[in-house]
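Dumped query_15.txt below, it's compact mmCIF, C-alpha atoms:
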# COMPACT_ATOMS: atom_id res chain seq x y z
CA MET A 47 -81.38 -132.66 -43.16
CA SER A 48 -81.68 -136.31 -42.27
CA ASP A 49 -78.67 -138.55 -41.82
CA TRP A 50 -80.16 -140.79 -44.47
CA LEU A 51 -79.97 -138.08 -47.13
CA GLU A 52 -76.47 -137.08 -46.06
CA GLU A 53 -75.40 -140.72 -46.40
CA GLN A 54 -77.07 -141.14 -49.80
CA LEU A 55 -75.52 -138.00 -51.23
CA SER A 56 -72.06 -138.85 -49.97
CA GLN A 57 -72.39 -142.38 -51.29
CA HIS A 58 -73.91 -141.72 -54.71
CA LEU A 59 -72.16 -138.49 -55.59
CA SER A 60 -68.72 -139.84 -54.75
CA PRO A 61 -65.76 -138.98 -57.00
CA VAL A 62 -65.03 -141.13 -60.01
CA LYS A 63 -61.93 -141.78 -62.09
CA ALA A 64 -61.59 -139.85 -65.30
CA PRO A 65 -61.72 -142.08 -68.37
CA GLU A 66 -58.54 -142.63 -70.34
CA GLU A 67 -60.17 -140.95 -73.31
CA LEU A 68 -59.81 -137.58 -71.61
CA GLY A 69 -56.04 -137.95 -71.69
CA VAL A 70 -56.22 -139.02 -75.32
CA ARG A 71 -58.31 -135.97 -76.19
CA LEU A 72 -55.82 -133.66 -74.53
CA GLY A 73 -52.84 -135.43 -76.02
CA PHE A 74 -51.38 -136.86 -72.82
CA THR A 75 -52.27 -140.49 -73.42
CA ARG A 76 -51.94 -142.56 -76.51
CA ALA A 77 -55.07 -144.28 -77.68
CA THR A 78 -54.75 -147.96 -76.86
CA ARG A 79 -55.53 -150.26 -79.72
CA HIS A 80 -57.13 -153.59 -79.14
CA GLN A 81 -54.22 -155.96 -78.92
CA VAL A 82 -54.87 -159.28 -80.64
CA PRO A 83 -52.49 -161.89 -79.24
CA ARG A 84 -49.86 -162.84 -81.78
CA MET A 85 -50.47 -166.49 -81.13
CA MET A 86 -54.11 -166.06 -82.15
CA VAL A 87 -53.04 -164.39 -85.37
CA ALA A 88 -50.57 -167.18 -86.09
CA ILE A 89 -53.20 -169.87 -85.43
CA ALA A 90 -55.74 -168.07 -87.59
CA ALA A 91 -53.19 -167.75 -90.40
CA ALA A 92 -52.31 -171.46 -90.12
CA ILE A 93 -55.98 -172.45 -90.26
CA VAL A 94 -56.55 -170.29 -93.34
CA MET A 95 -53.50 -171.78 -95.04
CA MET A 96 -54.54 -175.34 -94.20
CA ALA A 97 -58.05 -174.70 -95.42
CA GLY A 98 -56.69 -173.22 -98.61
CA GLY A 99 -54.38 -176.18 -99.10
CA LEU A 100 -57.16 -178.70 -98.52
CA ALA A 101 -59.44 -176.87 -100.92
CA ALA A 102 -56.74 -176.73 -103.59
CA ASN A 103 -55.96 -180.41 -103.09
CA ARG A 104 -59.61 -181.37 -103.37
CA GLU A 105 -59.96 -179.32 -106.51
CA ALA A 106 -56.90 -180.94 -108.04
CA ARG A 107 -58.23 -184.40 -107.24
CA ASN A 108 -61.58 -183.56 -108.73
CA GLY A 109 -59.82 -182.24 -111.83
CA GLU A 110 -57.80 -185.44 -112.10
CA ALA A 111 -60.87 -187.58 -111.68
CA VAL A 112 -62.68 -185.70 -114.42
CA GLN A 113 -59.65 -185.85 -116.62
CA PHE A 114 -59.22 -189.58 -116.08
CA ALA A 115 -62.89 -190.21 -116.69
CA ALA A 116 -62.70 -188.22 -119.89
CA ALA A 117 -59.52 -189.97 -120.89
CA ASP A 118 -61.23 -193.30 -120.32
CA GLN A 119 -63.81 -192.23 -122.83
CA GLY A 120 -61.09 -191.03 -125.18
CA THR A 121 -62.50 -187.56 -125.46
CA ILE A 122 -59.71 -185.33 -124.26
CA PRO A 123 -56.16 -184.93 -125.40
CA VAL A 124 -53.59 -186.34 -122.99
CA ARG A 125 -50.00 -185.38 -123.21
CA LEU A 126 -47.80 -188.37 -122.64
CA GLY A 127 -44.48 -187.92 -120.98
CA HIS A 128 -42.49 -190.04 -123.37
CA GLN A 129 -43.64 -188.16 -126.40
CA ALA A 130 -41.86 -185.18 -127.82
CA SER A 131 -42.68 -181.90 -126.19
CA GLY A 132 -45.60 -180.11 -127.79
CA VAL A 133 -46.91 -183.26 -129.47
CA GLU A 134 -50.36 -184.20 -128.41
CA ARG A 135 -52.58 -186.97 -129.51
CA THR A 136 -55.86 -188.32 -128.52
CA VAL A 137 -55.59 -191.63 -126.80
CA ASN A 138 -58.09 -194.32 -126.97
CA LEU A 139 -59.48 -196.21 -124.08
CA LYS A 140 -56.92 -198.94 -124.57
CA VAL A 141 -53.61 -197.41 -123.78
CA GLU A 142 -50.62 -199.00 -125.31
CA ALA A 143 -48.91 -201.49 -123.07
CA GLY A 144 -45.65 -199.56 -123.26
CA CYS A 145 -47.22 -196.62 -121.63
CA ARG A 146 -47.97 -198.59 -118.50
CA ALA A 147 -44.32 -198.52 -117.59
CA CYS A 148 -44.42 -194.88 -116.78
CA HIS A 149 -48.12 -193.99 -116.60
CA THR A 150 -50.90 -195.33 -114.51
CA LEU A 151 -53.78 -194.31 -116.70
CA MET B 92 -48.61 -116.38 -51.06
CA VAL B 93 -51.21 -119.08 -50.52
CA LEU B 94 -49.77 -121.27 -53.23
CA GLU B 95 -48.10 -124.42 -52.01
CA CYS B 96 -44.58 -125.19 -53.15
CA ALA B 97 -45.50 -128.10 -55.44
CA ASP B 98 -48.33 -126.17 -57.05
CA ARG B 99 -46.10 -123.14 -57.49
CA GLU B 100 -43.48 -125.17 -59.34
CA LEU B 101 -46.18 -126.73 -61.45
CA VAL B 102 -47.69 -123.39 -62.36
CA GLU B 103 -44.28 -121.95 -63.17
CA GLY B 104 -43.54 -124.95 -65.37
CA CYS B 105 -46.82 -124.48 -67.22
CA ARG B 106 -46.10 -120.78 -67.69
CA ARG B 107 -42.79 -121.69 -69.26
CA GLY B 108 -44.70 -124.02 -71.57
CA GLU B 109 -43.18 -127.23 -70.21
CA ARG B 110 -45.15 -130.15 -71.45
CA GLU B 111 -44.25 -132.28 -68.43
CA ALA B 112 -45.73 -129.67 -66.09
CA PHE B 113 -48.97 -129.73 -68.07
CA ARG B 114 -49.02 -133.49 -67.89
CA VAL B 115 -48.52 -133.52 -64.11
CA LEU B 116 -51.24 -130.92 -63.75
CA PHE B 117 -53.54 -133.09 -65.83
CA GLU B 118 -52.78 -136.19 -63.77
CA THR B 119 -53.31 -134.28 -60.53
CA TYR B 120 -56.65 -132.74 -61.37
CA LYS B 121 -58.26 -134.97 -64.00
CA ASP B 122 -60.32 -137.05 -61.55
CA LYS B 123 -61.49 -134.03 -59.56
CA ILE B 124 -62.49 -132.11 -62.66
CA TYR B 125 -64.18 -135.05 -64.34
CA SER B 126 -66.03 -136.00 -61.14
CA ILE B 127 -67.50 -132.55 -60.70
CA ALA B 128 -68.43 -132.42 -64.39
CA LEU B 129 -70.07 -135.84 -64.27
CA ARG B 130 -71.98 -135.24 -61.05
CA PHE B 131 -73.14 -131.88 -62.30
CA SER B 132 -74.18 -132.95 -65.80
CA GLY B 133 -75.12 -136.55 -65.10
CA GLU B 134 -73.90 -137.56 -68.53
CA GLU B 135 -70.52 -139.06 -69.35
CA ALA B 136 -70.17 -137.57 -72.81
CA LEU B 137 -71.08 -134.14 -71.54
CA ALA B 138 -68.76 -134.55 -68.57
CA MET B 139 -65.92 -135.31 -70.97
CA ASP B 140 -66.67 -132.14 -72.92
CA ILE B 141 -66.78 -130.09 -69.74
CA ALA B 142 -63.53 -131.60 -68.45
CA GLN B 143 -61.80 -131.02 -71.77
CA ASP B 144 -63.04 -127.46 -71.88
CA THR B 145 -61.84 -126.89 -68.32
CA PHE B 146 -58.33 -128.14 -69.10
CA LEU B 147 -58.12 -126.03 -72.23
CA LYS B 148 -59.16 -122.95 -70.22
CA LEU B 149 -56.71 -123.93 -67.51
CA TYR B 150 -53.79 -124.17 -69.92
CA SER B 151 -54.68 -121.04 -71.80
CA SER B 152 -55.23 -118.89 -68.74
CA ILE B 153 -52.69 -120.24 -66.29
CA ALA B 154 -50.58 -117.15 -66.90
CA ASP B 155 -53.43 -115.14 -65.36
CA PHE B 156 -53.29 -117.08 -62.11
CA ARG B 157 -51.85 -114.66 -59.58
CA GLY B 158 -51.71 -116.94 -56.59
CA GLU B 159 -54.18 -114.93 -54.53
CA SER B 160 -56.12 -118.07 -53.75
CA GLN B 161 -55.16 -121.70 -53.56
CA PHE B 162 -54.45 -123.19 -56.96
CA SER B 163 -57.06 -125.90 -56.38
CA THR B 164 -59.68 -123.22 -55.64
CA TRP B 165 -58.81 -121.55 -58.93
CA VAL B 166 -59.14 -124.89 -60.75
CA TYR B 167 -62.51 -125.54 -59.08
CA ARG B 168 -63.65 -122.12 -60.21
CA LEU B 169 -62.76 -122.99 -63.80
CA VAL B 170 -64.64 -126.26 -63.74
CA VAL B 171 -67.67 -124.63 -62.11
CA ASN B 172 -67.70 -122.01 -64.85
CA SER B 173 -67.43 -124.72 -67.51
CA CYS B 174 -70.32 -126.59 -65.91
CA LEU B 175 -72.48 -123.50 -65.81
CA ASP B 176 -71.52 -122.63 -69.39
CA GLN B 177 -72.73 -125.87 -70.81
CA LYS B 178 -76.08 -125.39 -72.40
CA ARG B 179 -76.53 -128.70 -74.06
CA LYS B 180 -79.71 -130.42 -73.10
CA SER B 181 -80.10 -134.10 -73.50
CA TRP B 182 -82.75 -136.71 -73.27
CA ARG B 183 -82.92 -138.40 -69.92
CA MET B 184 -84.11 -141.84 -69.11
CA ILE B 185 -87.31 -141.91 -67.16
CA PRO B 186 -86.66 -143.38 -63.73
CA MET B 187 -87.81 -146.89 -63.17
CA ALA B 188 -91.38 -147.34 -61.98
CA ASP B 189 -91.95 -147.66 -58.26
CA GLU B 190 -93.73 -150.98 -58.74
CA LEU B 191 -90.70 -152.49 -60.38
CA LEU B 192 -88.51 -151.11 -57.65
CA ALA B 193 -90.74 -152.80 -55.08
CA VAL B 194 -90.37 -156.13 -56.87
CA MET B 195 -86.64 -155.72 -56.85
CA ARG B 196 -86.60 -155.36 -53.10
CA ALA B 197 -86.70 -159.14 -52.94
CA PRO B 198 -83.56 -160.63 -51.38
CA GLY B 199 -80.61 -161.68 -53.52
CA ASP B 200 -77.09 -160.38 -54.07
CA ALA B 201 -77.61 -159.64 -57.75
CA LEU B 202 -80.72 -157.68 -56.93
CA HIS B 203 -78.84 -155.69 -54.34
CA ALA B 204 -76.41 -154.57 -56.98
CA VAL B 205 -79.21 -153.65 -59.38
CA ILE B 206 -81.10 -151.77 -56.69
CA ARG B 207 -77.97 -149.96 -55.64
CA THR B 208 -77.42 -148.85 -59.22
CA GLU B 209 -81.02 -147.74 -59.48
CA VAL B 210 -80.85 -145.79 -56.22
CA SER B 211 -77.63 -144.20 -57.40
CA GLU B 212 -79.24 -143.12 -60.65
CA ARG B 213 -82.28 -141.77 -58.82
CA VAL B 214 -80.07 -139.69 -56.54
CA GLN B 215 -78.10 -138.46 -59.52
CA ARG B 216 -81.27 -137.54 -61.45
CA ALA B 217 -82.71 -135.76 -58.43
CA VAL B 218 -79.53 -133.71 -58.13
CA GLU B 219 -79.61 -132.92 -61.85
CA LYS B 220 -83.08 -131.45 -61.51
CA LEU B 221 -81.92 -128.95 -58.93
CA PRO B 222 -81.40 -125.38 -60.09
CA GLU B 223 -77.82 -124.86 -61.23
CA GLU B 224 -76.78 -122.69 -58.30
CA GLN B 225 -77.98 -125.32 -55.83
CA ARG B 226 -76.66 -128.23 -57.86
CA ILE B 227 -73.10 -126.94 -58.04
CA VAL B 228 -73.06 -126.37 -54.29
CA VAL B 229 -74.28 -129.92 -53.68
CA VAL B 230 -71.66 -131.36 -56.05
CA LEU B 231 -68.81 -129.41 -54.51
CA ARG B 232 -69.96 -130.42 -51.06
CA TYR B 233 -70.55 -134.14 -51.65
CA THR B 234 -68.29 -135.00 -54.57
CA GLU B 235 -65.28 -132.98 -53.52
CA GLY B 236 -66.06 -132.66 -49.83
CA LEU B 237 -65.36 -128.95 -49.76
CA ALA B 238 -66.15 -126.93 -46.64
CA TYR B 239 -68.73 -124.12 -46.82
CA GLU B 240 -65.94 -121.59 -46.76
CA GLU B 241 -64.15 -123.18 -49.72
CA ILE B 242 -67.37 -123.46 -51.70
CA ALA B 243 -68.06 -119.80 -51.03
CA GLU B 244 -64.62 -118.91 -52.34
CA VAL B 245 -65.00 -121.07 -55.44
CA ILE B 246 -68.37 -119.73 -56.51
CA GLY B 247 -67.77 -116.24 -55.22
CA CYS B 248 -70.51 -115.79 -52.67
CA SER B 249 -70.89 -115.64 -48.90
CA MET B 250 -70.91 -118.64 -46.61
CA GLY B 251 -74.47 -117.74 -45.68
CA THR B 252 -75.52 -118.06 -49.31
CA VAL B 253 -73.82 -121.45 -49.54
CA ALA B 254 -75.60 -122.64 -46.41
CA SER B 255 -78.92 -121.34 -47.67
CA ARG B 256 -78.57 -123.02 -51.09
CA LEU B 257 -77.53 -126.29 -49.51
CA ASN B 258 -80.45 -126.14 -47.11
CA ARG B 259 -82.93 -125.58 -49.95
CA ALA B 260 -81.34 -128.34 -51.99
CA HIS B 261 -81.55 -130.75 -49.06
CA ARG B 262 -85.22 -130.09 -48.56
CA VAL B 263 -85.99 -130.67 -52.23
CA LEU B 264 -83.87 -133.83 -52.38
CA GLU B 265 -85.36 -135.19 -49.18
CA ARG B 266 -88.81 -134.85 -50.71
CA ARG B 267 -87.85 -136.24 -54.12
CA LEU B 268 -85.99 -139.21 -52.73
CA ALA B 269 -88.37 -140.07 -49.93
CA ASN B 270 -89.72 -143.13 -51.78
CA LEU B 271 -86.20 -144.60 -51.96
CA LYS B 272 -85.76 -144.92 -48.22
CA GLY B 273 -86.82 -148.58 -48.20
CA ALA B 274 -84.85 -149.54 -51.28
CA ALA B 275 -81.68 -147.85 -50.13
CA HIS B 276 -81.50 -150.07 -47.08
CA VAL B 277 -81.83 -153.36 -48.95
Let me see the structure of the file written as structure tokens.
Amino acid sequence: MSDWLEEQLSQHLSPVKAPEELGVRLGFTRATRHQVPRMMVAIAAAIVMMAGGLAANREARNGEAVQFAAADQGTIPVRLGHQASGVERTVNLKVEAGCRACHTL
Amino acid sequence: MVLECADRELVEGCRRGEREAFRVLFETYKDKIYSIALRFSGEEALAMDIAQDTFLKLYSSIADFRGESQFSTWVYRLVVNSCLDQKRKSWRMIPMADELLAVMRAPGDALHAVIRTEVSERVQRAVEKLPEEQRIVVVLRYTEGLAYEEIAEVIGCSMGTVASRLNRAHRVLERRLANLKGAAHV
């Protein structure tokens, strides 16, 4: 046998390390879960919350704008703070001057 | 008794069913057993099955170990039997074309690594194609570095038979791997 073959066999048939999975299969090693850094989770949660907050805020502003536009046209009922609870009335485009004290319609 | 002190304690611990003894045994032999299984089968998934099977046999039959041979020889015998027992055949990747190999002989560190991997796979595939009785001798010799005498004890044959099988395997491998001689020296 040539030295070359001896060298190749020794080199390419060398021992290897057993994978961790073997220990898991035989119950000697616990399966390692992928650890997501807590900081990453916290940042992701913060981003989701901020996005949610922004979306909710935008929606509320849109709702207000629609409501004000409709109120300007006198088409929707607006509950005024100084009126008795449960009493609603449709306001006209010209809001009474007294209302300006507490409302910015 | 041929058994060394550490091995004897380990075996006794296993016989008493001590989990720690089993764990130490696993840690001591896992790489050896997996290496033989991988070099014999050439497939990681299959090697895992063989290694697992070997450990299960080892744990279930350790009470039968009488200490007439070295414990490691007994373990090697178990893994050899597991290797020879496996009947699963699997699809193999066709080795890379010679032309492509020639192109890759161009200089460059990255290419060296690729070529080395390719040569390694070629050697492994060539070994896999050997008849089982020659393959196991080659693996025990080159993966575990066992002497002819130890191999003979593990597989239960004479030293002459071991030498003869190795000689035949070498001739076949020399022929099959001849075209790698240039690539292997890149």
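Near chain A, the residues of chain B that fall inside 7 Å (using only C-alpha atoms) are Arg114, Lys121, Asp122, Tyr125, Ser126, Arg130, Met139, Gln143, Ser211, Val214, Tyr233, Thr234, Glu235, His261 and Glu265 of chain B.
Shortest separation to B:Val171 among B:Glu100, B:Glu224, B:Glu135, B:Glu212 occurs at residue B:Glu224, atoms counted being all atoms listed in the file.
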| request: Report the distance between atom CA of B:Arg256 and atom CA of B:Leu221 in Å, rounded to one decimal place. | output: 10.4 Å
| task | Record the distance separating atom CA of B:Ile141 and atom CA of B:Ala204, expressed in Å with one decimal. | result | 29.2 Å
| query | Could you state the separation of atom CA of B:Phe156 and atom CA of B:Arg106 in Å, given to one decimal place? | reply |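 Interatomic distance here is 9.8 Å.
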| What's the 12 Å shell around B:Asp98, counting all atoms listed in the file, without same-chain residues fewer than 5 positions away, as a PyMOL selection string? | chain B and resi 92-93+103-105+112-113+115-116+119-120+153+156+158+160-166
